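A.B. asks: This is the structure I want to talk about, given as structure tokens.
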Amino acid sequence: MDKTDVTNQQFADFVRATGYVTVAERQPRPEDFPGAPPENLVAGAVVFSPPHHEVSLDNQYQWWSYVRGANWRHPSGPKSDIRGREKFPVVDVAYQDAEAYAKWAGKRLPTEAEWEFAARGGLSGKRFVWGDEFRPEGKWMANTFQGHFPQEDTGADGHIGVTAVAGYPTNGYGLFDMAGNVWQWVSDWYRPDYYQQLASIGGVARNPQGPTSPYDPSEPTERKRVMRGGSFLCTDQYCSRYVVGTRGKGEVTTGTNHLGFRCVKDVGTTH
């Protein structure tokens, strides 16, 4: 498994070599979004847009906006760019963008089971990838949200928003940022009941590859993949998914500015 999330520099190398255009840079096609007003069919991505006042936490659309011109080169919109952020994780990438990079690199995206095994770093039954305490001896271990969510991130951990990879200690397997900073795409389709299904079969599930199709009861028509690790927006006030066993979900064609990925490589057995 890659030690870090794929960075802007690495993704730029891929784009330079292949001419690849990400989903967020392509104008949506009317046939893919029947009934959508033409003015809504613009290239862009979903960006965290915190309100300036306290809001109820029961409606996430109060702090997320679809921003025209937001993409991996312009993470927060057309006026932003990635100069000086070469070591930051690439964001605003849809699932197929992550797949395309992985294939070019001779790698693939990890399954959810592989990701969690790697994230635990040899620790069993611990709450976080580094142990049971969120801040052992007062030390920040991941880039998360401090302050009052969603309107004020105080940056007490030294960062507001995304930061460069490898800024916090590794886990037991030498992997950086397996909690916080940005979510990571994994290859499993999202179904909330998949692991209950495995448990109901009995025995030990060995190297599960995920369900064969997606299903989210809250949005049955959307095709979603699992995301793992949490992000700079995670906080115990709202979403504490930096806890190692928790999971997220993402619609496969949507990029957001708190979601990236890392790859794994299959290593052949030599005799």
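As shown in the structure tokens, the chain order sets the letters A, B, ...; within each chain, residues go from 1, and ligands are also counted from 1 in the order they appear.
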Considering only C-alpha atoms, return as number ranges by chain whatever protein or nucleic-acid residues lie within 12 Å of Lys103 of chain A, sequence-local ones (same chain, fewer than 4 positions apart) excluded.

C.D. replies: A: 14, 18, 96-99, 107-109, 263-266

A.B. asks: Print the selection's residues with N, CA and C atoms to a file, as a short mmCIF file (atom, residue, chain, number, x, y, z; two decimals), in the first residue's frame.

C.D. replies:
```cif
data_model
loop_
_atom_site.label_atom_id
_atom_site.label_comp_id
_atom_site.auth_asym_id
_atom_site.auth_seq_id
_atom_site.Cartn_x
_atom_site.Cartn_y
_atom_site.Cartn_z
N PHE A 14 0.71 12.16 -13.79
CA PHE A 14 -0.21 11.27 -14.52
C PHE A 14 -0.93 12.03 -15.63
N THR A 18 -0.58 11.42 -19.73
CA THR A 18 -1.71 10.77 -20.42
C THR A 18 -2.69 11.73 -21.06
N GLN A 96 -13.79 7.17 -10.82
CA GLN A 96 -13.13 6.72 -12.05
C GLN A 96 -11.80 7.45 -12.27
N ASP A 97 -11.66 8.65 -11.75
CA ASP A 97 -10.38 9.35 -11.82
C ASP A 97 -9.33 8.60 -11.01
N ALA A 98 -9.72 8.19 -9.80
CA ALA A 98 -8.80 7.44 -8.95
C ALA A 98 -8.43 6.11 -9.59
N GLU A 99 -9.41 5.44 -10.19
CA GLU A 99 -9.14 4.18 -10.89
C GLU A 99 -8.17 4.37 -12.05
N LYS A 107 -1.10 -0.04 -10.40
CA LYS A 107 -1.64 -0.39 -9.09
C LYS A 107 -3.16 -0.50 -9.19
N ARG A 108 -3.83 -0.50 -8.05
CA ARG A 108 -5.29 -0.51 -8.00
C ARG A 108 -5.72 0.15 -6.70
N LEU A 109 -7.03 0.35 -6.55
CA LEU A 109 -7.55 0.86 -5.28
C LEU A 109 -7.75 -0.31 -4.32
N CYS A 263 -3.25 4.04 -3.29
CA CYS A 263 -3.29 2.82 -4.11
C CYS A 263 -2.60 1.66 -3.39
N VAL A 264 -2.85 0.47 -3.90
CA VAL A 264 -2.13 -0.72 -3.49
C VAL A 264 -1.58 -1.39 -4.75
N LYS A 265 -0.55 -2.20 -4.55
CA LYS A 265 0.05 -2.93 -5.67
C LYS A 265 0.10 -4.41 -5.31
N ASP A 266 -0.37 -5.24 -6.20
CA ASP A 266 -0.29 -6.68 -5.99
C ASP A 266 1.15 -7.13 -6.25
#
```

A.B. asks: For the strand (DSSP E or B) assignment from backbone DSSP, which residues of segment 18-207 of chain A qualify? Please present them as a list in words.

C.D. replies: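 Selection result, strand (DSSP E or B) within segment 18-207 of chain A: Gly44, Ala45, Val46, Val47, Phe48, Trp64, Ser65, Tyr66, Val67, Arg68, Asn71, His74, Pro89, Arg108, Phe128, Gly131, Gly147, His148, Glu152, Asp153, Trp183, Gln184, Trp185, Val186, Ser187, Asp188 and Trp189 of chain A.
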
A.B. asks: Skip Gln60 of chain A itself and residues of its chain fewer than 2 positions away, then list as an mmCIF file with N, CA and C atoms, in the first residue's frame all residues within 12 Å of it, counting only C-alpha atoms.

C.D. replies:
```cif
data_model
loop_
_atom_site.group_PDB
_atom_site.id
_atom_site.type_symbol
_atom_site.label_atom_id
_atom_site.label_comp_id
_atom_site.auth_asym_id
_atom_site.auth_seq_id
_atom_site.Cartn_x
_atom_site.Cartn_y
_atom_site.Cartn_z
ATOM 1 N N VAL A 46 -17.957 19.469 -5.595
ATOM 2 C CA VAL A 46 -18.606 19.854 -4.345
ATOM 3 C C VAL A 46 -17.537 20.344 -3.360
ATOM 4 N N VAL A 47 -17.766 21.528 -2.803
ATOM 5 C CA VAL A 47 -16.764 22.191 -1.968
ATOM 6 C C VAL A 47 -17.359 22.542 -0.605
ATOM 7 N N PHE A 48 -16.568 22.309 0.440
ATOM 8 C CA PHE A 48 -16.982 22.712 1.789
ATOM 9 C C PHE A 48 -17.073 24.226 1.844
ATOM 10 N N SER A 49 -18.241 24.733 2.165
ATOM 11 C CA SER A 49 -18.508 26.172 2.195
ATOM 12 C C SER A 49 -19.162 26.519 3.523
ATOM 13 N N PRO A 50 -18.363 26.720 4.566
ATOM 14 C CA PRO A 50 -18.931 26.897 5.896
ATOM 15 C C PRO A 50 -19.775 28.150 6.018
ATOM 16 N N PRO A 51 -20.893 28.062 6.709
ATOM 17 C CA PRO A 51 -21.710 29.251 6.955
ATOM 18 C C PRO A 51 -21.007 30.165 7.954
ATOM 19 N N VAL A 55 -25.594 26.703 12.646
ATOM 20 C CA VAL A 55 -26.702 26.073 11.930
ATOM 21 C C VAL A 55 -27.011 24.725 12.564
ATOM 22 N N SER A 56 -28.200 24.235 12.301
ATOM 23 C CA SER A 56 -28.575 22.898 12.730
ATOM 24 C C SER A 56 -27.748 21.881 11.947
ATOM 25 N N LEU A 57 -27.337 20.812 12.606
ATOM 26 C CA LEU A 57 -26.477 19.830 11.955
ATOM 27 C C LEU A 57 -27.256 18.728 11.256
ATOM 28 N N ASP A 58 -28.559 18.938 11.040
ATOM 29 C CA ASP A 58 -29.364 17.896 10.401
ATOM 30 C C ASP A 58 -29.496 18.086 8.891
ATOM 31 N N GLN A 62 -26.185 22.746 4.108
ATOM 32 C CA GLN A 62 -25.894 24.078 4.622
ATOM 33 C C GLN A 62 -24.402 24.391 4.605
ATOM 34 N N TRP A 63 -23.556 23.374 4.435
ATOM 35 C CA TRP A 63 -22.114 23.644 4.392
ATOM 36 C C TRP A 63 -21.421 22.990 3.202
ATOM 37 N N TRP A 64 -22.193 22.499 2.248
ATOM 38 C CA TRP A 64 -21.618 21.996 0.997
ATOM 39 C C TRP A 64 -22.233 22.729 -0.178
ATOM 40 N N SER A 65 -21.419 23.080 -1.174
ATOM 41 C CA SER A 65 -21.902 23.776 -2.366
ATOM 42 C C SER A 65 -21.270 23.155 -3.602
ATOM 43 N N PHE A 149 -18.290 23.222 14.791
ATOM 44 C CA PHE A 149 -18.639 22.758 13.447
ATOM 45 C C PHE A 149 -20.030 23.256 13.049
ATOM 46 N N PRO A 150 -20.228 23.678 11.777
ATOM 47 C CA PRO A 150 -19.238 23.751 10.695
ATOM 48 C C PRO A 150 -18.624 25.134 10.501
ATOM 49 N N TYR A 238 -20.039 16.094 15.148
ATOM 50 C CA TYR A 238 -20.873 15.724 13.999
ATOM 51 C C TYR A 238 -20.483 14.376 13.387
ATOM 52 N N CYS A 239 -19.250 14.265 12.916
ATOM 53 C CA CYS A 239 -18.809 13.067 12.205
ATOM 54 C C CYS A 239 -17.460 12.659 12.746
#
```

A.B. asks: Find the residues around Thr4 of chain A up to 7 Å (only C-alpha atoms counted), leave out those fewer than 3 positions away in its own chain, and share them as a PyMOL selection string.

C.D. replies: chain A and resi 165-166+175-177+262

A.B. asks: Might you pull out every residue within 10 Å of Tyr95 of chain A, with only C-alpha atoms counted and same-chain residues fewer than 2 positions away left off, and present them as a VMD selection string?

C.D. replies: chain A and resid 22 to 23 92 to 93 97 to 100 109 184 to 187 224 to 225 250 to 255 259 to 261

A.B. asks: Give me a file of those residues, with C-alpha atoms, as a JSON list (two decimals), in the first residue's frame.

C.D. replies:
```
[["chain", "number", "residue", "atom", "x", "y", "z"],
["A", 22, "THR", "CA", -11.08, 14.40, -14.70],
["A", 23, "VAL", "CA", -14.84, 14.13, -14.28],
["A", 92, "ASP", "CA", -12.05, 16.71, -6.20],
["A", 93, "VAL", "CA", -11.46, 13.35, -7.88],
["A", 97, "ASP", "CA", -10.38, 9.35, -11.82],
["A", 98, "ALA", "CA", -8.80, 7.44, -8.95],
["A", 99, "GLU", "CA", -9.14, 4.18, -10.89],
["A", 100, "ALA", "CA", -7.54, 5.71, -13.97],
["A", 109, "LEU", "CA", -7.55, 0.86, -5.28],
["A", 184, "GLN", "CA", -9.96, 7.84, 0.69],
["A", 185, "TRP", "CA", -11.88, 5.99, -2.02],
["A", 186, "VAL", "CA", -11.85, 2.20, -1.72],
["A", 187, "SER", "CA", -13.10, -0.26, -4.31],
["A", 224, "LYS", "CA", -21.95, 4.81, -4.28],
["A", 225, "ARG", "CA", -18.58, 3.44, -3.27],
["A", 250, "GLY", "CA", -19.65, 8.72, -1.96],
["A", 251, "GLU", "CA", -21.54, 8.95, -5.25],
["A", 252, "VAL", "CA", -19.06, 7.69, -7.83],
["A", 253, "THR", "CA", -19.16, 10.65, -10.24],
["A", 254, "THR", "CA", -18.86, 13.34, -7.57],
["A", 255, "GLY", "CA", -15.57, 14.85, -6.48],
["A", 259, "LEU", "CA", -11.82, 13.24, -0.68],
["A", 260, "GLY", "CA", -8.73, 11.67, -2.25],
["A", 261, "PHE", "CA", -7.28, 8.16, -2.51]]
```

A.B. asks: If you count only C-alpha atoms, which residues fall within 12 Å of Tyr168 of chain A, apart from same-chain ones fewer than 2 positions away, as a PyMOL selection string?

C.D. replies: chain A and resi 4+129-130+139-144+157-159+163-166+170-171+174-181

A.B. asks: Include N, CA and C atoms and write out the residues we just selected as a compact mmCIF listing (two decimals), in the first residue's frame.

C.D. replies:
```
# COMPACT_ATOMS: atom_id res chain seq x y z
N THR A 4 1.41 7.16 1.47
CA THR A 4 0.60 8.37 1.59
C THR A 4 -0.52 8.36 0.55
N VAL A 129 -6.25 4.55 14.78
CA VAL A 129 -5.18 3.79 14.12
C VAL A 129 -3.90 3.80 14.96
N TRP A 130 -3.82 4.68 15.97
CA TRP A 130 -2.63 4.77 16.82
C TRP A 130 -2.88 4.25 18.23
N LYS A 139 -0.79 15.01 22.28
CA LYS A 139 -0.24 15.16 20.93
C LYS A 139 -1.32 14.97 19.87
N TRP A 140 -1.36 15.87 18.87
CA TRP A 140 -2.28 15.71 17.76
C TRP A 140 -1.76 14.61 16.85
N MET A 141 -2.64 13.67 16.49
CA MET A 141 -2.25 12.50 15.69
C MET A 141 -2.84 12.51 14.28
N ALA A 142 -3.74 13.44 14.01
CA ALA A 142 -4.39 13.48 12.70
C ALA A 142 -4.95 14.87 12.48
N ASN A 143 -5.16 15.22 11.22
CA ASN A 143 -5.73 16.52 10.86
C ASN A 143 -7.25 16.42 10.90
N THR A 144 -7.85 16.97 11.94
CA THR A 144 -9.29 16.93 12.13
C THR A 144 -9.81 18.34 12.40
N ASP A 157 -4.87 22.21 15.84
CA ASP A 157 -3.87 21.19 15.51
C ASP A 157 -2.83 21.72 14.53
N GLY A 158 -2.93 23.00 14.19
CA GLY A 158 -1.96 23.61 13.28
C GLY A 158 -2.44 23.74 11.86
N HIS A 159 -3.65 23.24 11.57
CA HIS A 159 -4.14 23.25 10.19
C HIS A 159 -5.62 23.59 10.15
N THR A 163 -4.10 19.62 4.56
CA THR A 163 -2.68 19.92 4.70
C THR A 163 -1.87 18.89 3.95
N ALA A 164 -0.56 19.08 3.91
CA ALA A 164 0.33 18.18 3.18
C ALA A 164 0.29 16.78 3.80
N VAL A 165 0.58 15.80 2.97
CA VAL A 165 0.64 14.42 3.45
C VAL A 165 1.84 14.25 4.39
N ALA A 166 1.78 13.21 5.20
CA ALA A 166 2.91 12.80 6.04
C ALA A 166 3.29 13.82 7.10
N THR A 170 3.26 8.02 11.60
CA THR A 170 2.74 6.84 10.89
C THR A 170 2.04 5.91 11.86
N ASN A 171 1.28 4.98 11.29
CA ASN A 171 0.74 3.90 12.12
C ASN A 171 1.77 2.78 12.20
N GLY A 174 3.76 1.86 9.09
CA GLY A 174 4.49 2.90 8.38
C GLY A 174 3.66 3.70 7.41
N LEU A 175 2.34 3.71 7.59
CA LEU A 175 1.44 4.43 6.69
C LEU A 175 1.03 5.76 7.31
N PHE A 176 1.00 6.81 6.50
CA PHE A 176 0.62 8.13 6.97
C PHE A 176 -0.86 8.41 6.70
N ASP A 177 -1.46 9.19 7.57
CA ASP A 177 -2.79 9.79 7.32
C ASP A 177 -3.88 8.77 7.04
N MET A 178 -3.88 7.69 7.79
CA MET A 178 -4.98 6.72 7.66
C MET A 178 -6.19 7.17 8.48
N ALA A 179 -6.09 8.32 9.09
CA ALA A 179 -7.22 8.98 9.74
C ALA A 179 -7.08 10.48 9.50
N GLY A 180 -8.20 11.13 9.19
CA GLY A 180 -8.18 12.57 9.01
C GLY A 180 -7.58 13.02 7.68
N ASN A 181 -7.46 14.32 7.53
CA ASN A 181 -6.98 15.03 6.34
C ASN A 181 -7.95 14.89 5.18
```

A.B. asks: Need the shell around Leu123 of chain A: protein/DNA/RNA residues with any atom at most 12 Å away, counting only C-alpha atoms. Skip same-chain ones fewer than 5 positions apart. Format as a PDB file with N, CA and C atoms, in the first residue's frame?

C.D. replies:
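Written file, around.pdb:
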```
ATOM      1  N   GLU A 116      -8.814  -1.396   5.882  1.00  0.00           N
ATOM      2  CA  GLU A 116      -8.915  -1.417   7.344  1.00  0.00           C
ATOM      3  C   GLU A 116      -7.796  -2.227   7.968  1.00  0.00           C
ATOM      4  N   PHE A 117      -7.443  -3.346   7.355  1.00  0.00           N
ATOM      5  CA  PHE A 117      -6.324  -4.149   7.864  1.00  0.00           C
ATOM      6  C   PHE A 117      -5.055  -3.294   7.911  1.00  0.00           C
ATOM      7  N   ALA A 118      -4.812  -2.551   6.824  1.00  0.00           N
ATOM      8  CA  ALA A 118      -3.627  -1.704   6.768  1.00  0.00           C
ATOM      9  C   ALA A 118      -3.711  -0.552   7.770  1.00  0.00           C
ATOM     10  N   PHE A 128      -8.577   4.072  17.544  1.00  0.00           N
ATOM     11  CA  PHE A 128      -7.927   4.862  16.502  1.00  0.00           C
ATOM     12  C   PHE A 128      -6.773   4.078  15.901  1.00  0.00           C
ATOM     13  N   VAL A 129      -6.254   4.547  14.781  1.00  0.00           N
ATOM     14  CA  VAL A 129      -5.184   3.795  14.125  1.00  0.00           C
ATOM     15  C   VAL A 129      -3.902   3.803  14.956  1.00  0.00           C
ATOM     16  N   TRP A 130      -3.818   4.681  15.973  1.00  0.00           N
ATOM     17  CA  TRP A 130      -2.632   4.770  16.816  1.00  0.00           C
ATOM     18  C   TRP A 130      -2.875   4.250  18.231  1.00  0.00           C
ATOM     19  N   GLY A 131      -4.110   3.889  18.574  1.00  0.00           N
ATOM     20  CA  GLY A 131      -4.396   3.412  19.925  1.00  0.00           C
ATOM     21  C   GLY A 131      -5.773   3.833  20.393  1.00  0.00           C
ATOM     22  N   ASP A 132      -5.958   3.926  21.699  1.00  0.00           N
ATOM     23  CA  ASP A 132      -7.288   4.210  22.242  1.00  0.00           C
ATOM     24  C   ASP A 132      -7.514   5.674  22.613  1.00  0.00           C
ATOM     25  N   ASN A 171       1.276   4.978  11.286  1.00  0.00           N
ATOM     26  CA  ASN A 171       0.737   3.898  12.115  1.00  0.00           C
ATOM     27  C   ASN A 171       1.771   2.779  12.196  1.00  0.00           C
ATOM     28  N   GLY A 172       1.372   1.649  12.748  1.00  0.00           N
ATOM     29  CA  GLY A 172       2.316   0.559  12.972  1.00  0.00           C
ATOM     30  C   GLY A 172       2.887  -0.059  11.707  1.00  0.00           C
ATOM     31  N   TYR A 173       2.256   0.173  10.572  1.00  0.00           N
ATOM     32  CA  TYR A 173       2.767  -0.354   9.305  1.00  0.00           C
ATOM     33  C   TYR A 173       3.499   0.714   8.482  1.00  0.00           C
ATOM     34  N   VAL A 244     -11.364   4.160  13.621  1.00  0.00           N
ATOM     35  CA  VAL A 244     -10.831   3.293  12.574  1.00  0.00           C
ATOM     36  C   VAL A 244     -11.862   2.364  11.928  1.00  0.00           C
TER      37      VAL A 244
END
```

A.B. asks: Please determine, counting only C-alpha atoms, which residue among A:Asp13, A:Asn8, A:Val21, A:Gly167 has the shortest atom-to-atom distance to Asp81 of chain A.

C.D. replies: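 Under the stated criterion, the closest residue is A:Asn8.
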
A.B. asks: Using only C-alpha atoms, which of the listed residues (A:Ala43, A:Val90, A:Met227, A:Val162) sits closest to Gln9 of chain A?

C.D. replies: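 For Gln9 of chain A, the nearest of the candidates is A:Val90.
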
A.B. asks: Pick the closest to Gln209 of chain A from A:Trp183, A:Gly122, A:Thr111, A:Val243: which is it, counting only C-alpha atoms?

C.D. replies: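 Closest residue, counting only C-alpha atoms: A:Thr111.
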
A.B. asks: Pick out each residue of segment 44-242 of chain A that DSSP on the backbone tags as helix (DSSP H, G or I); I need them as a PyMOL selection string.

C.D. replies: chain A and resi 60-62+95-104+112-120+136-138+194-201

A.B. asks: With only C-alpha atoms as the basis for distance, which of A:Gly268, A:Gly147, A:Gly155, A:Gly203 is at the shortest distance from Gln237 of chain A?

C.D. replies: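 Of all the options, A:Gly147 lies closest to Gln237 of chain A.
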
A.B. asks: Using only C-alpha atoms, which residue out of A:Trp115, A:Pro217, A:Glu152, A:Gly230 lies closest to Asp188 of chain A?

C.D. replies: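 Once distances to Asp188 of chain A are computed over only C-alpha atoms, the minimum belongs to A:Trp115.
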
A.B. asks: I need the residue nearest His74 of chain A from this list: A:Asn257, A:Gly161, A:Arg228, A:Ala156. Use only C-alpha atoms for the distance.

C.D. replies: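 Answer, going by the shortest atom-to-atom distance: A:Asn257.
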
A.B. asks: Could you check how far atom CA of Phe232 of chain A sits from atom CA of His258 of chain A, in Å to one decimal?

C.D. replies: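 Result for atom CA of Phe232 of chain A versus atom CA of His258 of chain A: 7.2 Å, one decimal.
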